[in-house]
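**Q** What follows is the file entry.tsv, containing TSV, C-alpha atoms and all ligand atoms:
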```
chain	number	residue	atom	x	y	z
G	1	MET	CA	-20.08	-31.88	11.27
G	2	LYS	CA	-18.17	-33.32	8.31
G	3	THR	CA	-18.46	-36.96	7.23
G	4	ILE	CA	-16.87	-39.10	4.54
G	5	PHE	CA	-20.25	-39.18	2.79
G	6	ASP	CA	-20.47	-35.41	2.13
G	7	GLY	CA	-20.77	-34.24	-1.44
G	8	THR	CA	-18.35	-31.39	-2.22
G	9	VAL	CA	-16.92	-29.42	-5.11
G	10	LEU	CA	-13.19	-29.29	-5.75
G	11	GLY	CA	-12.43	-26.36	-8.05
G	12	ALA	CA	-14.90	-27.04	-10.84
G	13	ILE	CA	-15.23	-30.76	-10.07
G	14	PRO	CA	-18.27	-32.05	-8.13
G	15	LEU	CA	-17.38	-35.02	-5.94
G	16	LYS	CA	-20.07	-37.29	-4.52
G	17	ASN	CA	-18.23	-38.02	-1.28
G	18	ARG	CA	-14.84	-37.38	0.36
G	19	ILE	CA	-13.20	-40.71	-0.51
G	20	TRP	CA	-10.61	-41.00	-3.27
G	21	ARG	CA	-8.95	-44.06	-4.65
G	22	SER	CA	-5.30	-43.18	-4.26
G	23	ALA	CA	-3.05	-43.91	-7.25
G	24	THR	CA	-2.37	-47.64	-7.50
G	25	TRP	CA	-0.11	-49.18	-10.10
G	26	LEU	CA	-2.07	-52.17	-11.38
G	27	ALA	CA	0.72	-54.01	-13.24
G	28	LEU	CA	-1.83	-55.13	-15.80
G	29	SER	CA	-0.57	-53.70	-19.08
G	30	GLN	CA	1.47	-55.88	-21.40
G	31	ASP	CA	2.55	-53.12	-23.76
G	32	GLY	CA	2.06	-49.81	-21.94
G	33	ARG	CA	-1.44	-49.46	-23.33
G	34	VAL	CA	-4.81	-49.51	-21.60
G	35	ASN	CA	-6.62	-52.84	-21.98
G	36	ASP	CA	-10.02	-54.28	-21.07
G	37	THR	CA	-8.83	-55.69	-17.72
G	38	ILE	CA	-7.59	-52.25	-16.68
G	39	ILE	CA	-10.83	-50.60	-17.75
G	40	ARG	CA	-12.84	-53.22	-15.88
G	41	THR	CA	-10.78	-52.64	-12.71
G	42	TYR	CA	-11.51	-48.91	-12.71
G	43	GLU	CA	-15.13	-49.50	-13.64
G	44	VAL	CA	-15.61	-51.73	-10.60
G	45	LEU	CA	-14.06	-49.06	-8.36
G	46	ALA	CA	-16.33	-46.41	-9.86
G	47	LYS	CA	-19.35	-48.62	-9.36
G	48	GLY	CA	-18.20	-49.16	-5.77
G	49	GLN	CA	-18.76	-45.42	-5.13
G	50	ALA	CA	-15.27	-43.97	-4.83
G	51	ALA	CA	-15.79	-40.28	-5.57
G	52	ALA	CA	-12.60	-39.98	-7.60
G	53	ILE	CA	-10.05	-42.44	-8.87
G	54	VAL	CA	-6.42	-41.59	-9.54
G	55	THR	CA	-4.84	-44.01	-12.01
G	56	GLY	CA	-1.61	-45.77	-11.13
G	57	LEU	CA	1.56	-43.98	-12.15
G	58	VAL	CA	1.44	-43.30	-15.88
G	59	SER	CA	4.81	-42.70	-17.45
G	60	ILE	CA	4.52	-39.55	-19.56
G	61	SER	CA	7.98	-39.03	-21.02
G	62	PRO	CA	10.03	-40.93	-23.59
G	63	MET	CA	13.01	-40.00	-21.41
G	64	ASP	CA	11.59	-42.33	-18.75
G	65	GLU	CA	11.38	-46.06	-18.21
G	66	SER	CA	8.06	-47.61	-17.24
G	67	LEU	CA	6.98	-49.62	-14.22
G	68	PRO	CA	6.58	-53.35	-15.00
G	69	GLY	CA	3.08	-53.71	-16.38
G	70	GLY	CA	2.65	-49.94	-16.14
G	71	VAL	CA	0.72	-47.69	-18.50
G	72	CYS	CA	2.49	-45.11	-20.67
G	73	PHE	CA	0.96	-41.98	-22.21
G	74	ARG	CA	3.78	-40.40	-24.16
G	75	ASP	CA	1.96	-39.71	-27.41
G	76	ASP	CA	-1.53	-39.86	-28.90
G	77	SER	CA	-1.33	-43.47	-30.05
G	78	ASP	CA	-3.54	-44.82	-27.21
G	79	LEU	CA	-5.92	-41.89	-26.90
G	80	GLU	CA	-8.81	-44.18	-27.75
G	81	GLY	CA	-7.93	-46.65	-24.95
G	82	HIS	CA	-7.82	-43.82	-22.41
G	83	ARG	CA	-11.10	-42.44	-23.76
G	84	ARG	CA	-12.78	-45.80	-23.21
G	85	LEU	CA	-11.38	-45.84	-19.67
G	86	THR	CA	-12.63	-42.37	-18.72
G	87	GLU	CA	-16.05	-43.04	-20.24
G	88	SER	CA	-16.48	-46.25	-18.24
G	89	VAL	CA	-15.68	-44.47	-14.99
G	90	HIS	CA	-17.91	-41.48	-15.75
G	91	ARG	CA	-20.81	-43.80	-16.44
G	92	TYR	CA	-20.96	-44.41	-12.66
G	93	GLY	CA	-20.63	-40.76	-11.64
G	94	ALA	CA	-17.03	-41.05	-10.43
G	95	ARG	CA	-14.19	-38.73	-11.41
G	96	ILE	CA	-10.97	-39.92	-12.93
G	97	TYR	CA	-7.50	-38.37	-12.69
G	98	LEU	CA	-4.42	-39.49	-14.59
G	99	GLN	CA	-1.36	-39.77	-12.36
G	100	ALA	CA	1.35	-38.15	-14.46
G	101	GLY	CA	4.77	-39.22	-13.37
G	102	MET	CA	8.22	-40.39	-14.18
G	103	VAL	CA	9.71	-43.46	-12.60
G	104	ASP	CA	13.26	-42.18	-12.61
G	105	GLY	CA	15.78	-39.95	-14.29
G	106	ASP	CA	19.12	-38.27	-13.77
G	107	VAL	CA	18.26	-35.60	-11.19
G	108	ASN	CA	21.82	-34.32	-10.94
G	109	GLY	CA	23.09	-35.07	-14.44
G	110	TRP	CA	20.42	-33.74	-16.77
G	111	SER	CA	20.99	-30.31	-18.29
G	112	ARG	CA	18.58	-27.40	-17.85
G	113	GLU	CA	17.56	-27.96	-21.45
G	114	GLN	CA	16.65	-31.59	-20.69
G	115	ILE	CA	14.66	-30.51	-17.64
G	116	ARG	CA	12.75	-28.00	-19.75
G	117	THR	CA	11.98	-30.82	-22.19
G	118	ILE	CA	10.62	-32.94	-19.33
G	119	VAL	CA	8.49	-30.05	-18.10
G	120	GLY	CA	7.03	-29.86	-21.60
G	121	HIS	CA	6.29	-33.59	-21.56
G	122	PHE	CA	4.25	-33.18	-18.36
G	123	GLY	CA	2.34	-30.29	-19.93
G	124	ASP	CA	1.69	-32.33	-23.06
G	125	ALA	CA	0.43	-35.21	-20.92
G	126	ALA	CA	-2.09	-32.92	-19.22
G	127	GLU	CA	-3.28	-31.66	-22.60
G	128	ARG	CA	-3.59	-35.25	-23.83
G	129	ALA	CA	-5.36	-36.32	-20.62
G	130	GLU	CA	-7.92	-33.58	-21.09
G	131	LYS	CA	-8.50	-34.73	-24.67
G	132	ALA	CA	-9.02	-38.27	-23.41
G	133	GLY	CA	-11.75	-37.15	-21.00
G	134	TYR	CA	-9.90	-37.17	-17.67
G	135	ASP	CA	-11.27	-34.72	-15.09
G	136	GLY	CA	-7.75	-33.86	-14.10
G	137	VAL	CA	-4.19	-34.96	-13.59
G	138	GLN	CA	-2.19	-35.66	-10.49
G	139	ILE	CA	1.52	-34.83	-10.60
G	140	HIS	CA	3.40	-37.64	-8.83
G	141	ALA	CA	6.03	-36.06	-6.58
G	142	ALA	CA	6.08	-38.68	-3.84
G	143	HIS	CA	7.58	-42.03	-2.81
G	144	PHE	CA	11.08	-41.45	-4.14
G	145	PHE	CA	10.02	-41.44	-7.76
G	146	PHE	CA	11.75	-38.93	-10.03
G	147	LEU	CA	10.08	-35.64	-9.03
G	148	SER	CA	10.24	-36.31	-5.31
G	149	LYS	CA	14.01	-36.72	-5.62
G	150	PHE	CA	14.29	-33.11	-6.80
G	151	LEU	CA	12.73	-31.97	-3.53
G	152	SER	CA	15.17	-33.89	-1.38
G	153	PRO	CA	18.41	-32.18	-0.30
G	154	ALA	CA	19.80	-35.68	0.29
G	155	VAL	CA	19.54	-36.41	-3.43
G	156	ASN	CA	19.38	-33.11	-5.31
G	157	LYS	CA	22.91	-31.67	-5.37
G	158	ARG	CA	22.39	-29.40	-8.39
G	159	LYS	CA	24.22	-26.10	-8.42
G	160	ASP	CA	21.86	-24.34	-10.85
G	161	SER	CA	18.37	-22.91	-10.31
G	162	TYR	CA	16.88	-26.42	-9.86
G	163	GLY	CA	18.89	-27.18	-6.72
G	164	GLY	CA	20.07	-25.58	-3.51
G	165	SER	CA	17.35	-23.69	-1.62
G	166	PRO	CA	13.91	-25.23	-0.91
G	167	GLU	CA	12.48	-22.82	-3.51
G	168	ASP	CA	14.93	-23.95	-6.19
G	169	ARG	CA	14.40	-27.63	-5.44
G	170	ALA	CA	10.64	-27.12	-5.88
G	171	ARG	CA	11.06	-25.09	-9.08
G	172	ILE	CA	10.50	-28.01	-11.46
G	173	LEU	CA	7.10	-28.71	-9.88
G	174	VAL	CA	5.94	-25.14	-10.36
G	175	GLU	CA	7.17	-25.11	-13.95
G	176	ILE	CA	5.27	-28.34	-14.61
G	177	LEU	CA	2.10	-26.91	-13.06
G	178	ARG	CA	2.39	-23.74	-15.15
G	179	ASP	CA	2.99	-25.68	-18.35
G	180	MET	CA	0.00	-27.90	-17.61
G	181	ARG	CA	-2.19	-24.86	-16.94
G	182	ALA	CA	-1.03	-23.21	-20.16
G	183	LYS	CA	-2.03	-26.31	-22.17
G	184	THR	CA	-5.45	-27.05	-20.58
G	185	ARG	CA	-8.75	-25.27	-19.96
G	186	PRO	CA	-9.05	-23.38	-16.64
G	187	GLU	CA	-11.58	-25.86	-15.24
G	188	PHE	CA	-9.27	-28.84	-15.83
G	189	SER	CA	-8.22	-30.05	-12.40
G	190	ILE	CA	-4.53	-30.28	-11.47
G	191	ILE	CA	-3.49	-31.78	-8.16
G	192	ILE	CA	-0.25	-33.17	-6.76
G	193	LYS	CA	0.79	-36.08	-4.55
G	194	ILE	CA	3.83	-35.02	-2.60
G	195	ASN	CA	6.25	-36.32	-0.01
G	196	ALA	CA	6.01	-34.65	3.39
G	197	SER	CA	9.18	-36.48	4.37
G	198	ASP	CA	11.57	-38.94	2.80
G	199	PHE	CA	12.97	-40.11	6.14
G	200	LEU	CA	16.54	-39.85	4.82
G	201	PRO	CA	19.45	-38.40	6.78
G	202	GLY	CA	19.85	-34.88	5.45
G	203	GLY	CA	16.60	-35.34	3.49
G	204	LEU	CA	13.30	-33.51	3.15
G	205	GLU	CA	12.29	-31.43	6.15
G	206	ASP	CA	9.06	-29.64	7.08
G	207	ARG	CA	10.39	-26.37	5.70
G	208	ASP	CA	11.06	-27.95	2.28
G	209	PHE	CA	7.64	-29.58	2.22
G	210	PHE	CA	5.81	-26.40	3.26
G	211	THR	CA	7.76	-24.23	0.82
G	212	ALA	CA	6.96	-26.50	-2.12
G	213	CYS	CA	3.28	-26.67	-1.19
G	214	LYS	CA	3.00	-22.89	-0.74
G	215	MET	CA	4.61	-22.28	-4.13
G	216	LEU	CA	2.19	-24.73	-5.73
G	217	ALA	CA	-0.76	-23.11	-3.96
G	218	VAL	CA	0.21	-19.64	-5.17
G	219	ASN	CA	0.51	-21.00	-8.70
G	220	GLY	CA	-2.95	-22.52	-8.68
G	221	ILE	CA	-2.73	-26.19	-7.73
G	222	ASP	CA	-6.26	-27.43	-6.92
G	223	ALA	CA	-5.38	-29.84	-4.10
G	224	ILE	CA	-2.42	-31.51	-2.44
G	225	GLU	CA	-2.37	-35.20	-1.50
G	226	VAL	CA	0.01	-35.73	1.39
G	227	SER	CA	2.14	-38.87	1.49
G	228	ALA	CA	5.74	-39.78	2.33
G	229	ASN	CA	8.39	-42.38	1.63
G	230	GLY	CA	7.58	-45.89	2.79
G	231	THR	CA	4.01	-45.10	1.95
G	232	SER	CA	2.27	-48.47	2.32
G	233	VAL	CA	2.94	-49.07	6.01
G	234	SER	CA	2.19	-52.65	7.03
G	235	GLY	CA	0.27	-53.77	10.10
G	236	VAL	CA	-2.33	-50.99	10.14
G	237	LYS	CA	-5.20	-51.80	12.48
G	238	ALA	CA	-8.56	-50.03	12.65
G	239	GLY	CA	-8.82	-47.85	15.73
G	240	VAL	CA	-5.15	-48.42	16.63
G	241	ASN	CA	-2.72	-46.87	14.15
G	242	GLU	CA	-4.74	-45.47	11.25
G	243	ALA	CA	-3.88	-42.38	9.19
G	244	TYR	CA	-0.16	-42.55	9.89
G	245	PHE	CA	0.74	-39.34	8.00
G	246	SER	CA	-2.04	-37.21	9.51
G	247	ASP	CA	0.29	-34.92	11.49
G	248	TYR	CA	1.95	-33.78	8.26
G	249	ALA	CA	-1.36	-33.07	6.54
G	250	ASP	CA	-2.74	-31.30	9.60
G	251	ALA	CA	0.38	-29.13	9.84
G	252	LEU	CA	0.16	-28.32	6.14
G	253	LYS	CA	-3.38	-26.96	6.57
G	254	ALA	CA	-1.94	-24.27	8.83
G	255	GLU	CA	0.32	-23.21	5.96
G	256	VAL	CA	-1.90	-23.35	2.86
G	257	ASP	CA	-5.51	-22.52	2.16
G	258	ILE	CA	-6.26	-25.17	-0.45
G	259	PRO	CA	-7.85	-28.59	-0.09
G	260	VAL	CA	-5.66	-31.33	1.34
G	261	ILE	CA	-6.15	-35.04	0.68
G	262	LEU	CA	-4.57	-37.42	3.17
G	263	VAL	CA	-3.49	-40.91	2.16
G	264	GLY	CA	-2.19	-43.82	4.21
G	265	GLY	CA	-3.87	-46.20	6.62
G	266	HIS	CA	-7.53	-45.20	6.59
G	267	ARG	CA	-9.51	-48.22	7.70
G	268	SER	CA	-12.60	-47.17	9.69
G	269	ILE	CA	-15.40	-44.66	9.18
G	270	GLU	CA	-15.08	-43.59	12.81
G	271	ALA	CA	-11.40	-42.64	12.57
G	272	MET	CA	-11.91	-40.91	9.23
G	273	ASN	CA	-14.85	-38.84	10.43
G	274	ARG	CA	-12.91	-37.90	13.54
G	275	LEU	CA	-10.01	-36.72	11.42
G	276	LEU	CA	-12.30	-34.67	9.17
G	277	ASN	CA	-13.74	-32.90	12.20
G	278	GLU	CA	-10.63	-32.49	14.31
G	279	THR	CA	-8.55	-31.12	11.42
G	280	ASP	CA	-9.18	-29.06	8.29
G	281	ILE	CA	-8.29	-31.96	6.00
G	282	GLU	CA	-11.00	-32.17	3.31
G	283	TYR	CA	-10.46	-35.53	1.62
G	284	LEU	CA	-9.14	-39.01	2.41
G	285	SER	CA	-7.74	-41.47	-0.06
G	286	MET	CA	-7.26	-45.21	0.07
G	287	SER	CA	-5.38	-47.77	-1.95
G	288	ARG	CA	-5.05	-51.20	-0.32
G	289	PRO	CA	-8.53	-51.33	1.27
G	290	LEU	CA	-10.01	-50.78	-2.19
G	291	ILE	CA	-7.85	-53.52	-3.70
G	292	ARG	CA	-9.47	-55.97	-1.32
G	293	GLU	CA	-12.92	-54.34	-1.39
G	294	PRO	CA	-13.42	-52.13	-4.45
G	295	ASP	CA	-17.03	-51.65	-3.30
G	296	LEU	CA	-16.06	-50.59	0.23
G	297	MET	CA	-17.71	-47.19	-0.03
G	298	GLN	CA	-20.92	-48.81	-1.31
G	299	ARG	CA	-20.80	-51.25	1.63
G	300	TRP	CA	-20.47	-48.35	4.05
G	301	MET	CA	-23.26	-46.42	2.32
G	302	ASP	CA	-25.47	-49.50	2.67
G	303	GLY	CA	-24.98	-49.36	6.44
G	304	ASP	CA	-22.41	-52.11	6.97
G	305	SER	CA	-19.95	-49.93	8.87
G	306	ARG	CA	-17.38	-52.58	9.79
G	307	PRO	CA	-13.84	-51.36	9.09
G	308	ALA	CA	-12.06	-52.23	5.86
G	309	LEU	CA	-11.11	-55.90	5.67
G	310	CYS	CA	-7.59	-55.05	4.42
G	311	ILE	CA	-4.93	-56.32	6.83
G	312	SER	CA	-2.14	-54.20	5.26
G	313	CYS	CA	0.03	-57.24	4.54
G	314	ASN	CA	1.29	-55.67	1.28
G	315	SER	CA	1.00	-58.98	-0.55
G	316	CYS	CA	-0.90	-57.04	-3.21
G	317	TYR	CA	2.47	-55.61	-4.33
G	318	ARG	CA	3.69	-59.10	-5.08
G	319	THR	CA	0.85	-60.55	-7.05
G	320	ASP	CA	0.79	-60.80	-10.79
G	321	GLY	CA	-1.47	-57.85	-11.44
G	322	HIS	CA	-1.84	-56.11	-8.10
G	323	THR	CA	-4.73	-58.03	-6.66
G	324	CYS	CA	-5.54	-58.99	-3.08
G	325	ILE	CA	-4.40	-62.47	-2.08
G	326	PHE	CA	-7.70	-62.92	-0.25
G	327	ASN	CA	-9.55	-62.34	-3.51
G	328	SER	CA	-7.36	-64.37	-5.88
G	329	LYS	CA	-8.95	-67.46	-7.25
G	330	LYS	CA	-7.29	-70.69	-6.14
G	331	LYS	CA	-5.62	-72.37	-9.10
D	401	LIG	C1	-0.07	-52.25	-5.22
D	401	LIG	C2	0.15	-50.79	-4.95
D	401	LIG	C3	0.51	-49.95	-5.99
D	401	LIG	C4	0.71	-48.57	-5.75
D	401	LIG	N1	1.01	-47.75	-6.80
D	401	LIG	C5	1.09	-46.41	-6.60
D	401	LIG	C6	1.26	-45.53	-7.70
D	401	LIG	O1	1.30	-45.91	-8.86
D	401	LIG	N2	1.36	-44.20	-7.42
D	401	LIG	C7	1.30	-43.71	-6.14
D	401	LIG	O2	1.38	-42.49	-5.95
D	401	LIG	N3	1.11	-44.53	-5.09
D	401	LIG	C8	0.99	-45.86	-5.29
D	401	LIG	N4	0.75	-46.68	-4.23
D	401	LIG	C9	0.63	-46.11	-2.86
D	401	LIG	C10	-0.84	-45.85	-2.49
D	401	LIG	O3	-1.44	-44.90	-3.35
D	401	LIG	C11	-0.96	-45.32	-1.05
D	401	LIG	O4	-0.27	-44.09	-0.97
D	401	LIG	C12	-0.43	-46.29	0.01
D	401	LIG	O5	-0.69	-47.63	-0.29
D	401	LIG	C13	-1.00	-45.98	1.40
D	401	LIG	O6	-2.40	-46.01	1.40
D	401	LIG	P1	-3.27	-47.27	1.93
D	401	LIG	O7	-2.94	-47.50	3.35
D	401	LIG	O8	-4.70	-46.83	1.71
D	401	LIG	O9	-2.90	-48.43	1.07
D	401	LIG	C14	0.54	-48.06	-4.44
D	401	LIG	C15	0.16	-48.92	-3.41
D	401	LIG	C16	-0.05	-50.26	-3.64
D	401	LIG	C17	-0.48	-51.14	-2.51
```
Can you give me the file's structure in the form of structure tokens?
Ligand SMILES: Cc1cc2nc3c(=O)[nH]c(=O)nc-3n(C[C@H](O)[C@H](O)[C@H](O)COP(=O)(O)O)c2cc1C

**A**
Amino acid sequence: MKTIFDGTVLGAIPLKNRIWRSATWLALSQDGRVNDTIIRTYEVLAKGQAAAIVTGLVSISPMDESLPGGVCFRDDSDLEGHRRLTESVHRYGARIYLQAGMVDGDVNGWSREQIRTIVGHFGDAAERAEKAGYDGVQIHAAHFFFLSKFLSPAVNKRKDSYGGSPEDRARILVEILRDMRAKTRPEFSIIIKINASDFLPGGLEDRDFFTACKMLAVNGIDAIEVSANGTSVSGVKAGVNEAYFSDYADALKAEVDIPVILVGGHRSIEAMNRLLNETDIEYLSMSRPLIREPDLMQRWMDGDSRPALCISCNSCYRTDGHTCIFNSKKK
């Protein structure tokens, strides 16, 4: 019988339970660098007993723009800030992954040479993340950000080896994974967050999703976090419509033999434990519930098993610094 409270080991990484904090862009950096407010936010999550925290999207290439208030990690100039961040999280026994991504880019216009340069930037980011004390990196290939567009036949119209068949559309991801592996120690953890669907006419289908995941598995990815476009579905209610992408993750487990993390709409212990036992999914990740209650896991460990208080209103996306409106101080 599996439960969310089980300790496990992912590759070489011990995890104290099965709950991850899914990547959440905090919108708290003024200059692309880590600051004390950001460190404090992750520290509180670590103290609240999330087993592993994935940072919000970190822009890793000078060929990219950045999210408003987003963190960048394109050179060594803020290594010290990232070191302080990883140390604060580790102090509470949690693991910390850097979400390596690109916001956007010219999927169809960039030359093969430019794509190879980008691949190198991802590899460099993994090397830098390891130096800064991260337990691993997560490649962001979901939610219609740059890498997920490569996967989509609705967007990727390239005629070279980076477009066309499902294998060719997934090629950039495999090249990134290989470059990251070549630049880090074997025990450094590399995972991916990937779209199972983009819900576009002529877009990503099961076959594309499975092919990409199988290629990544063969090339040594440590885990796959399953998401899809329109990720933060509103109106989730405990016991009613939780875990809205679970069919994709469940189907993926029939195709690959590596750990799968499922994100999206987890709100109650009961539903999560059921999912862990009725499927082969190993891990569950949460974003919005932990914005409202960063200590949710601690609350559950203490025996208060009421579902997450998050009402999935998505107002957190609109606040200045992505906080919960129920937690913001009245001015
Ligand atoms: C404010 C906010 C920022 C987010 N930023 C990111 C991000 O940087 N990278 C990412 O992969 N997903 C991001 N997400 C999506 C979440 O990781 C997650 O996939 C989604 O919210 C569904 O999970 P939930 O129901 O637990 O919130 C963000 C979500 C929210 C609410």

**Q** Looking at G:Val218, G:Ala50, G:Val226, G:Ile118, which one is nearest to His143 of chain G, with distances taken over only C-alpha atoms?

**A** G:Val226

**Q** Using all atoms listed in the file, which residue out of G:Gln138, G:Phe5, G:Ser22, G:Leu85 lies closest to Asp36 of chain G?

**A** G:Leu85

**Q** Just to confirm, what's the straight-line distance from atom CA of Cys310 of chain G to atom P1 of ligand LIG 401 (chain D) in Å (one decimal)?

**A** 9.2 Å

**Q** Once you count all atoms listed in the file, which residues end up within 8 Å of ligand LIG 401 (chain D), and could you hand them over as a ChimeraX atom specification?

**A** /G:21-26,55-58,99,140-143,193,227,231-233,236,243,263-267,285-291,312,314,316-318,322-323

**Q** Please measure the separation of atom CA of Asn156 of chain G and atom CA of Ile224 of chain G, giving the value in Å to one decimal.

**A**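 Computed distance, atom CA of Asn156 of chain G to atom CA of Ile224 of chain G, equals 22.0 Å.
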
**Q** For a quick check of understanding, using all atoms listed in the file, which of G:Leu67, G:Ala170, G:Leu204, G:Ala132 has the smallest distance to Phe145 of chain G?

**A**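 Going through G:Leu67, G:Ala170, G:Leu204, G:Ala132 one by one, the smallest distance to Phe145 of chain G is for G:Leu67.
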
**Q** How would you write as an mmCIF file with C-alpha atoms, in the frame of the given file the residues that get within 12 Å of (5.5, -22.8, -2.8) in the file's frame, counting only C-alpha atoms?

**A**
```
data_model
loop_
_atom_site.group_PDB
_atom_site.id
_atom_site.type_symbol
_atom_site.label_atom_id
_atom_site.label_comp_id
_atom_site.auth_asym_id
_atom_site.auth_seq_id
_atom_site.Cartn_x
_atom_site.Cartn_y
_atom_site.Cartn_z
ATOM 1 C CA LEU G 151 12.730 -31.970 -3.530
ATOM 2 C CA SER G 165 17.350 -23.690 -1.620
ATOM 3 C CA PRO G 166 13.910 -25.230 -0.910
ATOM 4 C CA GLU G 167 12.480 -22.820 -3.510
ATOM 5 C CA ASP G 168 14.930 -23.950 -6.190
ATOM 6 C CA ARG G 169 14.400 -27.630 -5.440
ATOM 7 C CA ALA G 170 10.640 -27.120 -5.880
ATOM 8 C CA ARG G 171 11.060 -25.090 -9.080
ATOM 9 C CA ILE G 172 10.500 -28.010 -11.460
ATOM 10 C CA LEU G 173 7.100 -28.710 -9.880
ATOM 11 C CA VAL G 174 5.940 -25.140 -10.360
ATOM 12 C CA GLU G 175 7.170 -25.110 -13.950
ATOM 13 C CA LEU G 177 2.100 -26.910 -13.060
ATOM 14 C CA ARG G 207 10.390 -26.370 5.700
ATOM 15 C CA ASP G 208 11.060 -27.950 2.280
ATOM 16 C CA PHE G 209 7.640 -29.580 2.220
ATOM 17 C CA PHE G 210 5.810 -26.400 3.260
ATOM 18 C CA THR G 211 7.760 -24.230 0.820
ATOM 19 C CA ALA G 212 6.960 -26.500 -2.120
ATOM 20 C CA CYS G 213 3.280 -26.670 -1.190
ATOM 21 C CA LYS G 214 3.000 -22.890 -0.740
ATOM 22 C CA MET G 215 4.610 -22.280 -4.130
ATOM 23 C CA LEU G 216 2.190 -24.730 -5.730
ATOM 24 C CA ALA G 217 -0.760 -23.110 -3.960
ATOM 25 C CA VAL G 218 0.210 -19.640 -5.170
ATOM 26 C CA ASN G 219 0.510 -21.000 -8.700
ATOM 27 C CA GLY G 220 -2.950 -22.520 -8.680
ATOM 28 C CA ILE G 221 -2.730 -26.190 -7.730
ATOM 29 C CA ILE G 224 -2.420 -31.510 -2.440
ATOM 30 C CA LEU G 252 0.160 -28.320 6.140
ATOM 31 C CA GLU G 255 0.320 -23.210 5.960
ATOM 32 C CA VAL G 256 -1.900 -23.350 2.860
#
```

**Q** Extract segment 9-25 of chain G from the coordinates I pasted, and write it as a tab-separated table (two decimals), in the first residue's frame (atoms kept: N, CA and C atoms).

**A**
```
chain	number	residue	atom	x	y	z
G	9	VAL	N	13.62	6.62	-3.01
G	9	VAL	CA	14.86	7.11	-3.61
G	9	VAL	C	14.63	7.24	-5.11
G	10	LEU	N	14.94	8.41	-5.64
G	10	LEU	CA	14.81	8.63	-7.09
G	10	LEU	C	16.22	8.71	-7.67
G	11	GLY	N	16.62	7.71	-8.43
G	11	GLY	CA	18.01	7.66	-8.89
G	11	GLY	C	18.91	7.62	-7.68
G	12	ALA	N	19.71	8.66	-7.48
G	12	ALA	CA	20.59	8.70	-6.31
G	12	ALA	C	20.04	9.64	-5.23
G	13	ILE	N	18.81	10.13	-5.43
G	13	ILE	CA	18.28	11.19	-4.56
G	13	ILE	C	17.24	10.65	-3.57
G	14	PRO	N	17.55	10.62	-2.27
G	14	PRO	CA	16.54	10.22	-1.29
G	14	PRO	C	15.48	11.31	-1.14
G	15	LEU	N	14.23	10.88	-1.11
G	15	LEU	CA	13.12	11.84	-0.98
G	15	LEU	C	12.30	11.44	0.24
G	16	LYS	N	11.97	12.41	1.09
G	16	LYS	CA	11.34	12.02	2.36
G	16	LYS	C	9.85	11.71	2.24
G	17	ASN	N	9.23	12.09	1.17
G	17	ASN	CA	7.85	11.68	0.90
G	17	ASN	C	7.60	11.78	-0.61
G	18	ARG	N	6.37	11.59	-1.04
G	18	ARG	CA	6.10	11.55	-2.49
G	18	ARG	C	5.59	12.89	-3.04
G	19	ILE	N	5.64	13.93	-2.25
G	19	ILE	CA	5.06	15.21	-2.68
G	19	ILE	C	6.14	16.21	-3.11
G	20	TRP	N	5.98	16.68	-4.34
G	20	TRP	CA	6.88	17.69	-4.91
G	20	TRP	C	6.16	19.02	-4.97
G	21	ARG	N	6.93	20.08	-4.87
G	21	ARG	CA	6.40	21.39	-5.21
G	21	ARG	C	6.68	21.57	-6.70
G	22	SER	N	5.64	21.62	-7.48
G	22	SER	CA	5.81	21.78	-8.92
G	22	SER	C	6.32	23.19	-9.22
G	23	ALA	N	7.06	23.32	-10.31
G	23	ALA	CA	7.68	24.61	-10.66
G	23	ALA	C	6.66	25.73	-10.61
G	24	THR	N	7.02	26.81	-9.95
G	24	THR	CA	6.10	27.95	-9.81
G	24	THR	C	6.89	29.26	-9.92
G	25	TRP	N	6.63	29.94	-10.99
G	25	TRP	CA	7.26	31.24	-11.24
G	25	TRP	C	6.78	32.21	-10.17
```
